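Structure data follow from input_3.cif (mmCIF, C-alpha atoms):
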data_final
loop_
_atom_site.label_atom_id
_atom_site.label_comp_id
_atom_site.auth_asym_id
_atom_site.auth_seq_id
_atom_site.Cartn_x
_atom_site.Cartn_y
_atom_site.Cartn_z
CA MET A 296 -16.41 17.68 27.72
CA GLU A 297 -18.18 15.80 30.49
CA VAL A 298 -21.46 15.93 28.60
CA LYS A 299 -19.69 14.55 25.55
CA ARG A 300 -18.16 11.78 27.65
CA ARG A 301 -21.58 10.74 28.98
CA THR A 302 -23.04 10.78 25.46
CA VAL A 303 -20.24 8.55 24.21
CA SER A 304 -20.62 6.18 27.15
CA THR A 305 -24.33 5.82 26.44
CA LEU A 306 -23.77 5.15 22.73
CA VAL A 307 -21.07 2.57 23.39
CA SER A 308 -23.18 0.78 25.99
CA ARG A 309 -25.93 0.42 23.38
CA LEU A 310 -23.57 -1.55 21.14
CA SER A 311 -24.23 -4.56 23.40
CA SER A 312 -28.02 -4.17 23.22
CA VAL A 313 -30.13 -7.20 22.28
CA SER A 314 -31.97 -4.92 19.85
CA GLU A 315 -30.37 -4.86 16.41
CA GLN A 316 -32.02 -1.53 15.65
CA THR A 317 -30.52 0.01 18.80
CA ARG A 318 -27.07 -1.30 17.90
CA CYS A 319 -27.32 0.00 14.34
CA GLU A 320 -28.49 3.44 15.45
CA SER A 321 -25.62 3.66 17.91
CA LEU A 322 -23.11 2.58 15.26
CA SER A 323 -24.38 5.22 12.87
CA GLU A 324 -24.06 7.96 15.49
CA LEU A 325 -20.57 6.85 16.49
CA ARG A 326 -19.50 6.84 12.84
CA LEU A 327 -20.64 10.44 12.38
CA MET A 328 -19.10 11.47 15.68
CA THR A 329 -15.67 10.04 14.81
CA LYS A 330 -15.83 11.74 11.43
CA ASN A 331 -16.87 15.21 12.60
CA ASP A 332 -15.53 15.45 16.14
CA VAL A 333 -11.83 14.74 16.60
CA GLU A 334 -12.05 15.03 20.39
CA SER A 335 -14.63 12.26 20.57
CA ARG A 336 -12.30 9.62 19.14
CA SER A 337 -10.24 9.07 22.28
CA LEU A 338 -13.41 9.10 24.39
CA ILE A 339 -14.96 6.37 22.24
CA VAL A 340 -11.84 4.24 22.57
CA GLU A 341 -11.72 4.80 26.35
CA ALA A 342 -15.38 3.81 26.61
CA GLY A 343 -14.54 0.35 25.27
CA ALA A 344 -16.03 0.53 21.79
CA LEU A 345 -13.24 -1.26 19.92
CA PRO A 346 -14.15 -4.89 20.77
CA TYR A 347 -17.76 -4.26 19.71
CA LEU A 348 -16.69 -2.57 16.48
CA SER A 349 -14.32 -5.42 15.73
CA GLU A 350 -17.03 -8.03 16.31
CA THR A 351 -19.46 -6.11 14.08
CA LEU A 352 -17.15 -6.60 11.11
CA TYR A 353 -18.48 -10.18 11.06
CA SER A 354 -22.07 -8.94 10.77
CA SER A 355 -24.21 -10.08 7.85
CA SER A 356 -25.75 -6.60 7.79
CA HIS A 357 -23.93 -4.44 5.25
CA VAL A 358 -25.06 -1.25 6.96
CA ALA A 359 -23.68 -2.35 10.34
CA GLN A 360 -20.48 -3.67 8.77
CA GLU A 361 -19.94 -0.43 6.85
CA ASP A 362 -20.54 1.76 9.91
CA ALA A 363 -18.19 -0.33 12.07
CA ALA A 364 -15.44 -0.36 9.42
CA ALA A 365 -15.70 3.38 8.78
CA THR A 366 -15.65 4.11 12.53
CA LEU A 367 -12.52 1.99 12.97
CA LEU A 368 -10.87 3.85 10.09
CA ASN A 369 -11.63 7.19 11.73
CA LEU A 370 -10.35 5.96 15.09
CA SER A 371 -7.14 4.63 13.52
CA ILE A 372 -6.05 8.17 12.74
CA SER A 373 -5.35 8.95 16.40
CA SER A 374 -5.63 5.62 18.27
CA ARG A 375 -3.43 3.21 16.32
CA GLN A 376 -1.96 1.55 19.41
CA ALA A 377 -5.41 0.92 20.85
CA LEU A 378 -6.56 -0.72 17.63
CA MET A 379 -3.49 -2.93 17.39
CA SER A 380 -4.01 -3.97 21.02
CA THR A 381 -7.63 -5.01 20.42
CA HIS A 382 -7.86 -8.80 20.47
CA GLY A 383 -8.98 -10.24 17.15
CA LEU A 384 -9.12 -6.93 15.25
CA LEU A 385 -6.73 -8.01 12.48
CA ASP A 386 -8.62 -11.28 12.13
CA ALA A 387 -11.88 -9.35 11.78
CA ILE A 388 -10.35 -7.10 9.12
CA SER A 389 -9.06 -10.20 7.35
CA HIS A 390 -12.58 -11.64 7.39
CA VAL A 391 -13.99 -8.58 5.62
CA LEU A 392 -11.20 -8.56 3.04
CA SER A 393 -11.39 -12.29 2.36
CA HIS A 394 -15.08 -12.00 1.45
CA HIS A 395 -14.59 -8.98 -0.80
CA ASN A 396 -16.24 -10.75 -3.74
CA SER A 397 -19.07 -12.36 -1.82
CA SER A 398 -20.62 -11.37 1.51
CA SER A 399 -18.63 -8.25 2.47
CA SER A 400 -19.82 -4.76 1.66
CA ALA A 401 -17.55 -3.01 -0.87
CA SER A 402 -17.50 0.06 1.35
CA ALA A 403 -16.43 -2.03 4.36
CA VAL A 404 -13.67 -3.66 2.29
CA GLN A 405 -12.38 -0.22 1.32
CA SER A 406 -12.49 1.07 4.89
CA CYS A 407 -10.62 -2.02 6.13
CA GLY A 408 -7.95 -1.58 3.47
CA ALA A 409 -7.60 2.08 4.40
CA THR A 410 -7.43 1.17 8.11
CA LEU A 411 -4.52 -1.17 7.41
CA HIS A 412 -2.79 1.61 5.49
CA SER A 413 -3.30 3.92 8.47
CA LEU A 414 -1.90 1.37 10.94
CA LEU A 415 1.09 0.65 8.69
CA VAL A 416 2.29 4.22 9.14
CA VAL A 417 3.87 2.90 12.35
CA ASP A 418 7.09 1.00 11.61
CA GLU A 419 6.71 -1.63 14.33
CA TYR A 420 3.26 -2.65 13.10
CA ARG A 421 4.52 -3.59 9.63
CA PRO A 422 6.03 -6.98 10.59
CA ILE A 423 2.95 -7.79 12.71
CA ILE A 424 0.49 -7.13 9.89
CA GLY A 425 2.89 -8.66 7.37
CA SER A 426 2.91 -11.90 9.35
CA LYS A 427 -0.83 -12.28 8.65
CA ARG A 428 -0.58 -14.19 5.37
CA ASP A 429 -4.37 -14.28 5.05
CA ILE A 430 -4.47 -10.48 4.95
CA ILE A 431 -1.84 -10.29 2.22
CA TYR A 432 -3.56 -13.07 0.28
CA SER A 433 -6.89 -11.24 0.40
CA LEU A 434 -5.35 -7.91 -0.65
CA VAL A 435 -3.69 -9.64 -3.60
CA ASP A 436 -6.98 -11.30 -4.49
CA ILE A 437 -8.68 -7.90 -4.62
CA LEU A 438 -6.13 -6.89 -7.26
CA LYS A 439 -6.81 -10.07 -9.23
CA TYR A 440 -10.61 -9.91 -9.13
CA ARG A 441 -11.85 -8.33 -12.36
CA LYS A 442 -14.96 -6.86 -10.76
CA SER A 443 -13.17 -5.12 -7.89
CA PRO A 444 -14.15 -1.42 -7.70
CA GLN A 445 -11.29 0.99 -8.41
CA ARG A 446 -11.57 2.35 -4.89
CA SER A 447 -11.08 -1.16 -3.46
CA ILE A 448 -8.03 -1.65 -5.68
CA LYS A 449 -6.50 1.67 -4.63
CA ASP A 450 -7.02 0.93 -0.92
CA ALA A 451 -5.57 -2.57 -1.37
CA LEU A 452 -2.53 -1.13 -3.17
CA LYS A 453 -1.91 1.39 -0.40
CA ALA A 454 -2.11 -1.33 2.23
CA LEU A 455 0.26 -3.55 0.24
CA PHE A 456 2.67 -0.64 -0.13
CA GLY A 457 2.76 -0.20 3.64
CA ILE A 458 3.35 -3.92 4.14
CA ALA A 459 6.14 -3.92 1.54
CA LEU A 460 8.01 -1.18 3.39
CA HIS A 461 9.19 -3.88 5.79
CA GLN A 462 11.94 -5.89 4.13
CA SER A 463 10.99 -9.32 5.48
CA ASN A 464 7.40 -9.00 4.21
CA ARG A 465 8.42 -8.76 0.55
CA SER A 466 9.28 -12.42 0.03
CA THR A 467 5.91 -13.39 1.53
CA MET A 468 4.16 -11.03 -0.87
CA VAL A 469 6.01 -12.56 -3.83
CA ASP A 470 5.21 -16.06 -2.57
CA LEU A 471 1.50 -15.16 -2.37
CA GLY A 472 1.48 -14.06 -5.99
CA VAL A 473 1.49 -10.27 -5.82
CA ILE A 474 3.76 -9.72 -8.86
CA PRO A 475 1.47 -10.79 -11.77
CA PRO A 476 -1.57 -8.68 -10.75
CA LEU A 477 0.68 -5.70 -9.98
CA PHE A 478 2.19 -5.74 -13.45
CA SER A 479 -1.24 -6.34 -14.96
CA LEU A 480 -2.44 -3.14 -13.30
CA VAL A 481 0.67 -1.28 -14.46
CA VAL A 482 0.07 -2.36 -18.06
CA VAL A 483 -3.72 -2.10 -18.30
CA GLY A 484 -4.63 -0.18 -15.16
CA GLY A 485 -6.03 2.66 -17.25
CA HIS A 486 -6.43 5.15 -14.40
CA ALA A 487 -3.19 7.09 -13.84
CA GLY A 488 -3.53 6.86 -10.07
CA ILE A 489 -3.82 3.07 -10.21
CA VAL A 490 -0.68 2.80 -12.37
CA GLU A 491 1.24 5.08 -10.00
CA ASP A 492 0.15 3.16 -6.90
CA ALA A 493 0.79 -0.24 -8.49
CA SER A 494 4.26 0.77 -9.71
CA ALA A 495 5.05 2.09 -6.21
CA VAL A 496 4.33 -1.37 -4.76
CA VAL A 497 6.37 -2.97 -7.56
CA ALA A 498 9.31 -0.75 -6.60
CA GLN A 499 9.19 -1.93 -2.99
CA VAL A 500 8.61 -5.63 -3.69
CA ALA A 501 11.54 -5.59 -6.13
CA GLY A 502 13.77 -5.31 -3.09
CA CYS A 503 14.04 -9.02 -2.28
CA GLU A 504 15.88 -12.00 -3.73
CA GLU A 505 12.66 -13.78 -4.71
CA SER A 506 11.66 -10.92 -6.99
CA GLU A 507 14.16 -11.80 -9.74
CA LEU A 508 12.37 -14.94 -10.91
CA ALA A 509 8.91 -13.45 -10.37
CA PHE A 510 9.81 -10.41 -12.49
CA ARG A 511 11.30 -12.61 -15.18
CA ARG A 512 8.11 -14.65 -15.47
CA VAL A 513 6.05 -11.54 -16.30
CA SER A 514 8.73 -9.81 -18.40
CA GLY A 515 8.86 -7.21 -15.67
CA LEU A 516 12.12 -5.64 -16.78
CA GLY A 517 10.66 -4.80 -20.18
CA VAL A 518 7.55 -3.29 -18.58
CA LEU A 519 9.67 -1.06 -16.34
CA VAL A 520 11.70 0.12 -19.34
CA ASP A 521 8.45 0.94 -21.16
CA LEU A 522 7.30 3.01 -18.19
CA LEU A 523 10.43 5.14 -18.54
CA ASP A 524 9.73 5.78 -22.21
CA SER A 525 8.22 9.25 -22.58
CA GLY A 526 6.14 7.93 -25.46
CA THR A 527 4.03 5.82 -23.10
CA GLY A 528 2.72 8.90 -21.33
CA SER A 529 3.84 7.78 -17.87
CA SER A 530 3.67 10.37 -15.12
CA LEU A 531 6.88 11.52 -13.46
CA ARG A 532 5.90 9.66 -10.30
CA THR A 533 5.48 6.43 -12.29
CA LYS A 534 8.89 6.95 -13.90
CA GLU A 535 10.44 7.46 -10.48
CA ASN A 536 8.83 4.22 -9.32
CA ALA A 537 10.25 2.42 -12.38
CA VAL A 538 13.73 3.74 -11.59
CA SER A 539 13.36 2.66 -7.96
CA ALA A 540 12.18 -0.80 -9.03
CA LEU A 541 15.15 -1.30 -11.38
CA LEU A 542 17.54 -0.15 -8.68
CA ASN A 543 16.03 -2.39 -5.99
CA LEU A 544 15.93 -5.35 -8.35
CA ALA A 545 19.62 -4.90 -9.15
CA LYS A 546 20.52 -4.53 -5.46
CA TRP A 547 18.42 -7.32 -3.99
CA GLY A 548 17.57 -9.71 -6.81
CA GLY A 549 20.97 -11.36 -7.01
CA ASP A 550 23.83 -11.27 -9.51
CA ARG A 551 21.69 -12.25 -12.47
CA ALA A 552 19.22 -9.45 -11.83
CA ALA A 553 22.05 -6.94 -11.44
CA GLU A 554 23.54 -8.01 -14.76
CA ASP A 555 20.16 -7.82 -16.46
CA VAL A 556 19.74 -4.23 -15.32
CA LYS A 557 23.26 -3.28 -16.37
CA ASP A 558 22.68 -4.92 -19.76
CA LEU A 559 19.88 -2.46 -20.46
CA GLY A 560 22.78 -0.15 -21.30
CA SER A 561 22.55 3.01 -23.31
CA GLY A 562 18.96 2.30 -24.34
CA ILE A 563 17.56 3.78 -21.14
CA LEU A 564 20.22 6.32 -20.16
CA SER A 565 18.36 9.39 -21.40
CA GLU A 566 15.14 8.24 -19.69
CA ILE A 567 16.93 7.73 -16.37
CA ALA A 568 18.66 11.09 -16.82
CA ASP A 569 15.25 12.75 -17.25
CA VAL A 570 14.27 11.53 -13.78
CA ALA A 571 17.68 12.59 -12.40
CA VAL A 572 17.05 16.12 -13.64
CA ASN A 573 13.29 16.58 -13.20
CA GLY A 574 12.31 14.17 -10.43
CA SER A 575 11.74 14.71 -6.73
CA GLU A 576 14.79 14.84 -4.48
CA LYS A 577 14.44 11.17 -3.64
CA GLY A 578 13.79 10.33 -7.29
CA LYS A 579 16.86 12.25 -8.42
CA THR A 580 19.08 10.44 -5.92
CA LYS A 581 17.89 7.00 -7.03
CA ALA A 582 18.17 7.90 -10.72
CA VAL A 583 21.77 9.00 -10.29
CA GLU A 584 22.55 5.79 -8.42
CA LEU A 585 20.96 3.77 -11.23
CA LEU A 586 22.95 5.72 -13.83
CA LYS A 587 26.15 4.83 -12.02
CA MET A 588 25.14 1.18 -11.89
CA VAL A 589 24.33 1.06 -15.60
CA ALA A 590 27.58 2.89 -16.34
CA SER A 591 29.50 0.18 -14.52
CA GLY A 592 28.25 -2.25 -17.16
CA GLY A 593 30.89 -1.05 -19.56
CA ILE A 594 29.10 1.58 -21.64
CA ASP A 595 31.26 3.60 -24.01
CA GLY A 596 32.26 6.85 -22.33
CA ASN A 597 31.38 8.74 -25.49
CA VAL A 598 27.74 7.85 -24.94
CA PHE A 599 27.82 9.56 -21.55
CA GLU A 600 29.56 12.56 -23.05
CA ASP A 601 27.00 12.82 -25.88
CA LEU A 602 24.12 12.71 -23.42
CA GLN A 603 25.96 15.05 -21.00
CA LEU A 604 25.55 12.53 -18.20
CA ASN A 605 28.98 12.91 -16.61
CA ARG A 606 27.87 16.02 -14.76
CA LEU A 607 25.00 14.03 -13.18
CA ILE A 608 27.18 11.17 -12.04
CA ASN A 609 30.16 13.31 -11.04
CA PRO A 610 28.71 16.72 -10.15
CA CYS A 611 32.00 17.88 -8.60
CA SER A 612 34.12 16.99 -11.61
CA GLU A 613 33.59 20.30 -13.42
#
For the file at hand, write its structure as structure tokens.
Amino acid sequence: MEVKRRTVSTLVSRLSSVSEQTRCESLSELRLMTKNDVESRSLIVEAGALPYLSETLYSSSHVAQEDAAATLLNLSISSRQALMSTHGLLDAISHVLSHHNSSSSASAVQSCGATLHSLLVVDEYRPIIGSKRDIIYSLVDILKYRKSPQRSIKDALKALFGIALHQSNRSTMVDLGVIPPLFSLVVVGGHAGIVEDASAVVAQVAGCEESELAFRRVSGLGVLVDLLDSGTGSSLRTKENAVSALLNLAKWGGDRAAEDVKDLGSGILSEIADVAVNGSEKGKTKAVELLKMVASGGIDGNVFEDLQLNRLINPCSE
């Protein structure tokens, strides 16, 4: 362990070398070390590497930027507090993301998005990262940019999902225009994983008052109903996300949104019931809650009886 500590100390000290080649070689070795040797991660943090890695994110060298970003991602797995305590780290990540379509390396952009996702696992970091409007703006812009690699889009979606888990961040996300590109990905995303990830973010962002108007402008309600239709080939996870989005919209979007969801009526009952029967435990719970909400809209009881939905809503009534 002591030999490893000395090796790490030497590599980290070289990050401040006047020689670019020495710095790059050290970065490359640290990247491999953090990937292959779990024990080395805490040693690298203790040796003071984080400020150097953060500063390197501004580098014009794609190789150096990629190595620094990948190393930070690996370190974030076990040293989240240390990363969040590093002065200027979020600003450096924002810099990489904001230049995703110009000077930043695509690999570095992806690593930075994944690092945010890793940090957002911790509840108390969500409002801190969510307060960085420039980060949210850049993540949204990655979704909008037609030439963004799929990997960049997926990492941006995962970061946005983590940000949206904090209630107060959702209105900021809506204000910064996240809704149109999300629904665009849901409709024409093509790749099943992209549609699932985008609909998961939609489900979270639906949980704020500002979402009602934003959803209305993109005909969001109709898109969510289409996702529930078995004929569209949506995965079960996507259907669960659609149910969650409708439920959150009805709960948080105001009276008009709640009425709009209730007015969907019998047209979506069987689709919601499918999730209530076949979904995950969380999906089943939300589907049953949505069934009850739609039922409160005044649907004929015979419809529920025909679809055998009473046993889902009132499981103890038999």
Q | Residue members of the PyMOL selection byres ((chain A and resi 487-491) around 10) in the file shown, as a VMD selection string | A | chain A and resid 445 to 446 448 to 449 452 477 to 486 492 to 497 522 528 to 537
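CA of Ser400 in chain A lies 22.0 Å from CA of Ile424 in chain A.
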Q. Hey, what's within 10 Å of Leu370 in chain A if we count only C-alpha atoms and toss same-chain stuff fewer than 5 positions away? As JSON, numbers by chain, please?
A. {"A": [326, 329, 330, 333, 335, 336, 337, 339, 340, 345, 364, 365, 375, 377, 378, 410, 413]}
Just the selected residues (C-alpha atoms), exported as an mmCIF file, in the frame of the given file, please.
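Final output, saved to out_7.cif:
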data_model
loop_
_atom_site.group_PDB
_atom_site.id
_atom_site.type_symbol
_atom_site.label_atom_id
_atom_site.label_comp_id
_atom_site.auth_asym_id
_atom_site.auth_seq_id
_atom_site.Cartn_x
_atom_site.Cartn_y
_atom_site.Cartn_z
ATOM 1 C CA ARG A 326 -19.500 6.840 12.840
ATOM 2 C CA THR A 329 -15.670 10.040 14.810
ATOM 3 C CA LYS A 330 -15.830 11.740 11.430
ATOM 4 C CA VAL A 333 -11.830 14.740 16.600
ATOM 5 C CA SER A 335 -14.630 12.260 20.570
ATOM 6 C CA ARG A 336 -12.300 9.620 19.140
ATOM 7 C CA SER A 337 -10.240 9.070 22.280
ATOM 8 C CA ILE A 339 -14.960 6.370 22.240
ATOM 9 C CA VAL A 340 -11.840 4.240 22.570
ATOM 10 C CA LEU A 345 -13.240 -1.260 19.920
ATOM 11 C CA ALA A 364 -15.440 -0.360 9.420
ATOM 12 C CA ALA A 365 -15.700 3.380 8.780
ATOM 13 C CA ARG A 375 -3.430 3.210 16.320
ATOM 14 C CA ALA A 377 -5.410 0.920 20.850
ATOM 15 C CA LEU A 378 -6.560 -0.720 17.630
ATOM 16 C CA THR A 410 -7.430 1.170 8.110
ATOM 17 C CA SER A 413 -3.300 3.920 8.470
#
Q. Applied to this file, what does the PyMOL selection byres ((chain A and resi 381-385) around 12) return in terms of residues, put as a ChimeraX atom specification?
A. /A:340,343-353,363-364,367,371,374-380,386-393,407-408,410-411,414,420,423-431
Q.
Excluding His461 in chain A and its own-chain neighbours fewer than 5 positions away, which residues fall within 8 Å of it when counting only C-alpha atoms? Please give them as a PyMOL selection string.
A. chain A and resi 418+421-422
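Relative to CA of Leu542 in chain A, CA of Met588 in chain A is found at 8.4 Å.
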Q | Sel. within 12 Å of pt (12.7, 3.5, -24.2), counting all atoms listed in the file, output as a ChimeraX atom specification | A | /A:516-529,534,559-567,569
Q. Mind listing as a PyMOL selection string all residues within 8 Å of (-6.7, -11.6, -13.3), counting only C-alpha atoms?
A. chain A and resi 438-441+476+479
Could those selected residues go to a file with C-alpha atoms, as an mmCIF file, in the coordinates of the input?
data_model
loop_
_atom_site.group_PDB
_atom_site.id
_atom_site.type_symbol
_atom_site.label_atom_id
_atom_site.label_comp_id
_atom_site.auth_asym_id
_atom_site.auth_seq_id
_atom_site.Cartn_x
_atom_site.Cartn_y
_atom_site.Cartn_z
ATOM 1 C CA LEU A 438 -6.130 -6.890 -7.260
ATOM 2 C CA LYS A 439 -6.810 -10.070 -9.230
ATOM 3 C CA TYR A 440 -10.610 -9.910 -9.130
ATOM 4 C CA ARG A 441 -11.850 -8.330 -12.360
ATOM 5 C CA PRO A 476 -1.570 -8.680 -10.750
ATOM 6 C CA SER A 479 -1.240 -6.340 -14.960
#
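The space between CA of Val513 in chain A and CA of Ser433 in chain A spans 21.1 Å.
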Q) Selected by the PyMOL selection byres ((chain A and resi 556) around 8) in the shown coordinates: which residues, as a PyMOL selection string? A) chain A and resi 516+541+545+552-555+557-560+589
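For the choices A:Ala501, A:Val570, A:Leu327, A:Cys319, the atom-to-atom distance to Lys546 in chain A is smallest for A:Ala501 when using all atoms listed in the file.
Closest approach to Ala359 in chain A from the set A:Leu310, A:Met296, A:Met328, A:Val416 is made by A:Leu310, with distances taken over all atoms listed in the file.
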